[in-house]
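Some notes on the structure that comes next.
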Amino acid sequence: MRILIVHNYYQLSGGEDAVVDAEKNNLLRNNHTAELFSLTNDSISGTLPKIKSALNIHYSNGSRQKIGDFIKRYAPDIVHVHNFFPLITPSVYDACIENNIPIVQTLHNYRIICPNALLMRDGHICEECINKIPYKAVLNRCYRNSIPGSASVAFMIEFHKRKKTWQNKVNRFIALSEFSKSKFIQAGLPENKITVKPNFTGKNLTVTPDTESQEPFALFAGRLSEEKGVDTLMDAWQNLPYSLIIAGDGPLMQSAIKKGKKNFHFHGMLDKKKLINKMNDSSFIVLPSICYENFPMVIAEAFSLGIPVLASRLGGMAEIIKDGVNGLHFESGNPKDLADKARWLFEHPEECRKMGENALKTYEEKYTPEKNYEMLMDIYNEVIEEHKRGSN
């Protein structure tokens, strides 16, 4: 099969980019031909490029032409779009339709129904724009605290909602969890066009365990920002005597350091190998997000190592992590509940170990490259067959 992958890279690499690379490599390992058409936000620098991007954010004829030319040269069987925002734009769909190529779109975030892509505002879940014209997002500066930026993204969402782009131009959407699927259905996407396929990770066999004796610790790995629940985490740990390692960086780094005590250890951004080693040595992973996470890669990575996860009972996290089985839930935004659950895990190492064993079983059942490849090929084959029937 010949697959064309389309992705708009952000300036700061994140989980979406890792998923794109992993899926492409997984296809190549299974003897398919996979090419990547990509643009990067690094090109948006300076006033004029930013203005041009804002004006074309809903539709770019230039991107449509470039992708159309690429399709003619490459002749793919299917196009898999991961992220079109902000440079590629939904014009990618018309380029595919003009060349009679079926389209799969992964919904990594909530961008097509929410200007800030998180369904969150002022530190709380916000669903006001799901079924309404997103004008409040402009008033509330939901996109990068900017009225012009918020207006551009809100216009993009409303433009394609009115054009019924999501209903008519995409053959199949991939949601990362049943929870996120439910939100997109609530927003008007056709239920029969959404298939759930989670993220995955390879089984890491190159970990180097720390052979030196050390005290147990919990690990937070991710961006230090509001939506990741960093304030909840820091408040929860104030009266805990156990070590907390924080691997990551972000806008809340300095405020987190100010709240830190001697059992807080800030490691900054770690390369993949060091992060996996640190994860492997931890007692459990803490995931305190206060937003609707779709499928954080850290969960799949932790499970692949047999490490349980303590996570907010919210969004996809509450679905992926089975409370008391492969991890624990706590009430989102509640530092006391987080502290109580963390203390319990430290004080019950045998139960924690058993949850880790169950986490590994969950990984082997659901989140391996082999399992993910089977699911992705089922989707591709179904979409191609449906497209052929529709074209005849």
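Identifiers in this document derive from the order of the structure tokens: chains are assigned A, B, ..., residues are numbered from 1 separately in each chain, and ligands are numbered from 1 in order of occurrence.
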Could you name the residues that touch Ile245 in chain A at 9 Å or less, counting only C-alpha atoms, but leaving out those on the same chain fewer than 3 positions away, as a ChimeraX atom specification? /A:217-221,263-267,278,282
For N, CA and C atoms, I'd like the residues from the last selection saved as a short mmCIF file (atom, residue, chain, number, x, y, z; two decimals), in the first residue's frame.
```cif
data_model
loop_
_atom_site.label_atom_id
_atom_site.label_comp_id
_atom_site.auth_asym_id
_atom_site.auth_seq_id
_atom_site.Cartn_x
_atom_site.Cartn_y
_atom_site.Cartn_z
N PHE A 217 10.51 7.05 44.23
CA PHE A 217 10.09 8.38 43.78
C PHE A 217 8.98 8.25 42.74
N ALA A 218 8.20 9.32 42.62
CA ALA A 218 7.19 9.44 41.57
C ALA A 218 7.76 10.35 40.50
N LEU A 219 7.27 10.19 39.28
CA LEU A 219 7.79 10.97 38.15
C LEU A 219 6.67 11.70 37.43
N PHE A 220 6.87 13.00 37.22
CA PHE A 220 6.02 13.77 36.31
C PHE A 220 6.87 14.07 35.08
N ALA A 221 6.36 13.70 33.91
CA ALA A 221 7.09 13.95 32.67
C ALA A 221 6.16 14.66 31.70
N ASN A 263 12.61 17.66 48.58
CA ASN A 263 12.29 16.38 47.94
C ASN A 263 11.74 16.56 46.53
N PHE A 264 11.78 17.79 46.00
CA PHE A 264 11.42 18.06 44.61
C PHE A 264 12.71 18.10 43.80
N HIS A 265 12.75 17.40 42.68
CA HIS A 265 13.97 17.35 41.87
C HIS A 265 13.62 17.71 40.43
N PHE A 266 14.09 18.86 39.97
CA PHE A 266 13.79 19.35 38.63
C PHE A 266 14.92 18.95 37.68
N HIS A 267 14.58 18.17 36.67
CA HIS A 267 15.58 17.67 35.73
C HIS A 267 15.52 18.36 34.38
N LYS A 278 14.61 6.92 33.58
CA LYS A 278 14.06 7.52 34.81
C LYS A 278 12.64 6.98 35.06
N SER A 282 11.07 4.64 38.40
CA SER A 282 10.07 5.28 39.26
C SER A 282 9.12 4.27 39.85
#
```
Would you mind listing what lies within 6 Å of range 8-12 of chain A as a ChimeraX atom specification, with only C-alpha atoms counted and same-chain residues fewer than 2 positions away left out? /A:38-42,83-84
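Omitting Asp378 in chain A and its sequence neighbours fewer than 5 positions away, and counting only C-alpha atoms, the residues within 12 Å are Arg172, Ile174, Thr195, Val196, Lys197, Lys371, Asn372, Tyr373, Val383, Ile384 and Glu385 of chain A.
Using only C-alpha atoms, the nearest neighbour of Glu226 in chain A within the list A:Asp122, A:Glu370, A:Glu351, A:Asp337 is A:Asp122.
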With 9 Å as the cut-off and only C-alpha atoms counted, what is the closest atom pair between each nearby residue of range 179-249 of chain A and range 127-143 of chain A? Distances in Å to one decimal, ordered by chain and number, as a Markdown table.
```
| residue | atom | partner | partner_atom | distance |
| --- | --- | --- | --- | --- |
| A:Lys183 | CA | A:Ile130 | CA | 8.3 |
| A:Phe184 | CA | A:Ile130 | CA | 8.5 |
| A:Gln186 | CA | A:Ile130 | CA | 7.4 |
| A:Ala187 | CA | A:Ile130 | CA | 5.1 |
| A:Gly188 | CA | A:Asn131 | CA | 7.8 |
```
What is the CA of Ala22 in chain A to CA of Ile88 in chain A distance in Å? 21.0 Å
